[in-house]
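Notes follow the structure.
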Amino acid sequence: PSDEDEIVDGLEDAVRGAFVINLSRAFAAPSGADDGKEEDRLEPVLDMLQHSNTPNIKQKYTDDGSIEIMARGGIKSGEELFNKYKGEEDINMPYHKFFTRFGFVPGVTEPVANLIAERSSIFFPQRAAV
């Protein structure tokens with residue numbers, strides 16, 4: 001094989017890193033094709049906000065594809081902005097998938113090592129009773 005066919009040093013790590021960034025930081029947004037579908041988009045600044053079940057901002061996508069971020073109430077100068085990744089009551093994303101995407105589960109404060117040792121359903125989904 002020629003030098004052009006060889007894999008560049010660090011390529012595998014770079015691809016893995018790009019995948020993790022997209023997986024953990026992308027937001028579902030309207031595709032723009034007026035087909036009702038969504039696509040993953042990276043939203044600078046919005047992806048840096050911490051999670052809270054009582055966020056102090058809300059966002060919406062506009063018809064031109066931009067995003068508007070609005071305060072939910074009064075925010076004092078220097079106060080941290082919080083977004084809501086997923087509500088504790090939201091069953092659309094199972095906790096084990098939420099954990100692998102965001103690195104935590106809302107409302108769960110037990111150390112990860114304990115959850116694994118206890119075979120928590122967060123990491124070990126249970127089969128439905130027959």
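Chain labels A, B, ... are given in the sequence in which chains occur in the structure tokens; within each chain residues are numbered consecutively from 1, and ligands are likewise numbered from 1 in the order shown.
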
Give one line per residue of region 15-75 of chain A that approaches region 91-115 of chain A to at most 10 Å, naming the two atoms of the closest pair and their distance in Å to one decimal, counting only C-alpha atoms; sort by chain then ascending residue number and deliver it as CSV.
residue,atom,partner,partner_atom,distance
A:Val20,CA,A:Arg101,CA,8.3
A:Ile21,CA,A:Arg101,CA,9.8
A:Asn22,CA,A:Arg101,CA,9.7
A:Leu23,CA,A:Arg101,CA,6.3
A:Ser24,CA,A:Arg101,CA,5.2
A:Arg25,CA,A:Phe102,CA,8.3
A:His51,CA,A:Pro106,CA,8.3
A:Ser52,CA,A:Pro106,CA,8.2
A:Asn53,CA,A:Pro106,CA,7.8

Contacts of Val45 (chain A) at 12 Å or less, counting only C-alpha atoms, minus same-chain residues fewer than 4 places along, as a PDB file with N, CA and C atoms, in the first residue's frame?
ATOM      1  N   ARG A  25     -24.107  16.592  22.371  1.00  0.00           N
ATOM      2  CA  ARG A  25     -24.347  18.030  22.295  1.00  0.00           C
ATOM      3  C   ARG A  25     -25.379  18.458  21.264  1.00  0.00           C
ATOM      4  N   ALA A  26     -25.833  17.544  20.408  1.00  0.00           N
ATOM      5  CA  ALA A  26     -26.763  17.923  19.338  1.00  0.00           C
ATOM      6  C   ALA A  26     -28.179  18.084  19.869  1.00  0.00           C
ATOM      7  N   PHE A  27     -28.931  18.960  19.232  1.00  0.00           N
ATOM      8  CA  PHE A  27     -30.332  19.196  19.547  1.00  0.00           C
ATOM      9  C   PHE A  27     -31.171  18.764  18.360  1.00  0.00           C
ATOM     10  N   LEU A  49     -25.145  24.906  28.196  1.00  0.00           N
ATOM     11  CA  LEU A  49     -25.973  25.138  29.375  1.00  0.00           C
ATOM     12  C   LEU A  49     -26.136  23.857  30.179  1.00  0.00           C
ATOM     13  N   GLN A  50     -26.175  24.009  31.483  1.00  0.00           N
ATOM     14  CA  GLN A  50     -26.389  22.880  32.372  1.00  0.00           C
ATOM     15  C   GLN A  50     -27.871  22.512  32.420  1.00  0.00           C
ATOM     16  N   ILE A  67     -32.549  30.029  15.986  1.00  0.00           N
ATOM     17  CA  ILE A  67     -33.080  29.653  17.296  1.00  0.00           C
ATOM     18  C   ILE A  67     -33.191  30.900  18.163  1.00  0.00           C
ATOM     19  N   GLU A  68     -34.302  30.992  18.872  1.00  0.00           N
ATOM     20  CA  GLU A  68     -34.514  32.086  19.816  1.00  0.00           C
ATOM     21  C   GLU A  68     -34.419  31.523  21.223  1.00  0.00           C
ATOM     22  N   ILE A  69     -33.655  32.189  22.072  1.00  0.00           N
ATOM     23  CA  ILE A  69     -33.541  31.805  23.477  1.00  0.00           C
ATOM     24  C   ILE A  69     -34.150  32.929  24.297  1.00  0.00           C
ATOM     25  N   LEU A  81     -27.399  30.253  33.386  1.00  0.00           N
ATOM     26  CA  LEU A  81     -28.551  29.871  32.579  1.00  0.00           C
ATOM     27  C   LEU A  81     -28.668  28.354  32.565  1.00  0.00           C
ATOM     28  N   PHE A  82     -29.903  27.851  32.687  1.00  0.00           N
ATOM     29  CA  PHE A  82     -30.149  26.413  32.696  1.00  0.00           C
ATOM     30  C   PHE A  82     -31.160  26.050  31.619  1.00  0.00           C
ATOM     31  N   ASN A  83     -30.926  24.904  31.007  1.00  0.00           N
ATOM     32  CA  ASN A  83     -31.812  24.331  30.007  1.00  0.00           C
ATOM     33  C   ASN A  83     -32.358  23.018  30.566  1.00  0.00           C
TER      34      ASN A  83
END

Env of Gly73 (chain A): 10 Å cut, atoms = only C-alpha atoms, seq-sep filter 3 positions within chain, self excluded. Answer as a list in words. Pro55, Asn56, Ile57, Met70 and Lys76 of chain A

I need the chosen residues saved as a CSV table (one decimal), in the first residue's frame, with C-alpha atoms.
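This went into selection17.csv:
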chain,number,residue,atom,x,y,z
A,55,PRO,CA,-34.8,25.8,33.6
A,56,ASN,CA,-34.7,29.6,33.5
A,57,ILE,CA,-34.6,29.8,29.7
A,70,MET,CA,-35.8,33.6,25.9
A,76,LYS,CA,-30.1,38.5,37.5

Could you tell me, as a PyMOL selection string, which residues of chain A DSSP assigns to strand (DSSP E) when given the backbone? chain A and resi 26-30+38-42+50-51+57-61+67-71+82-83
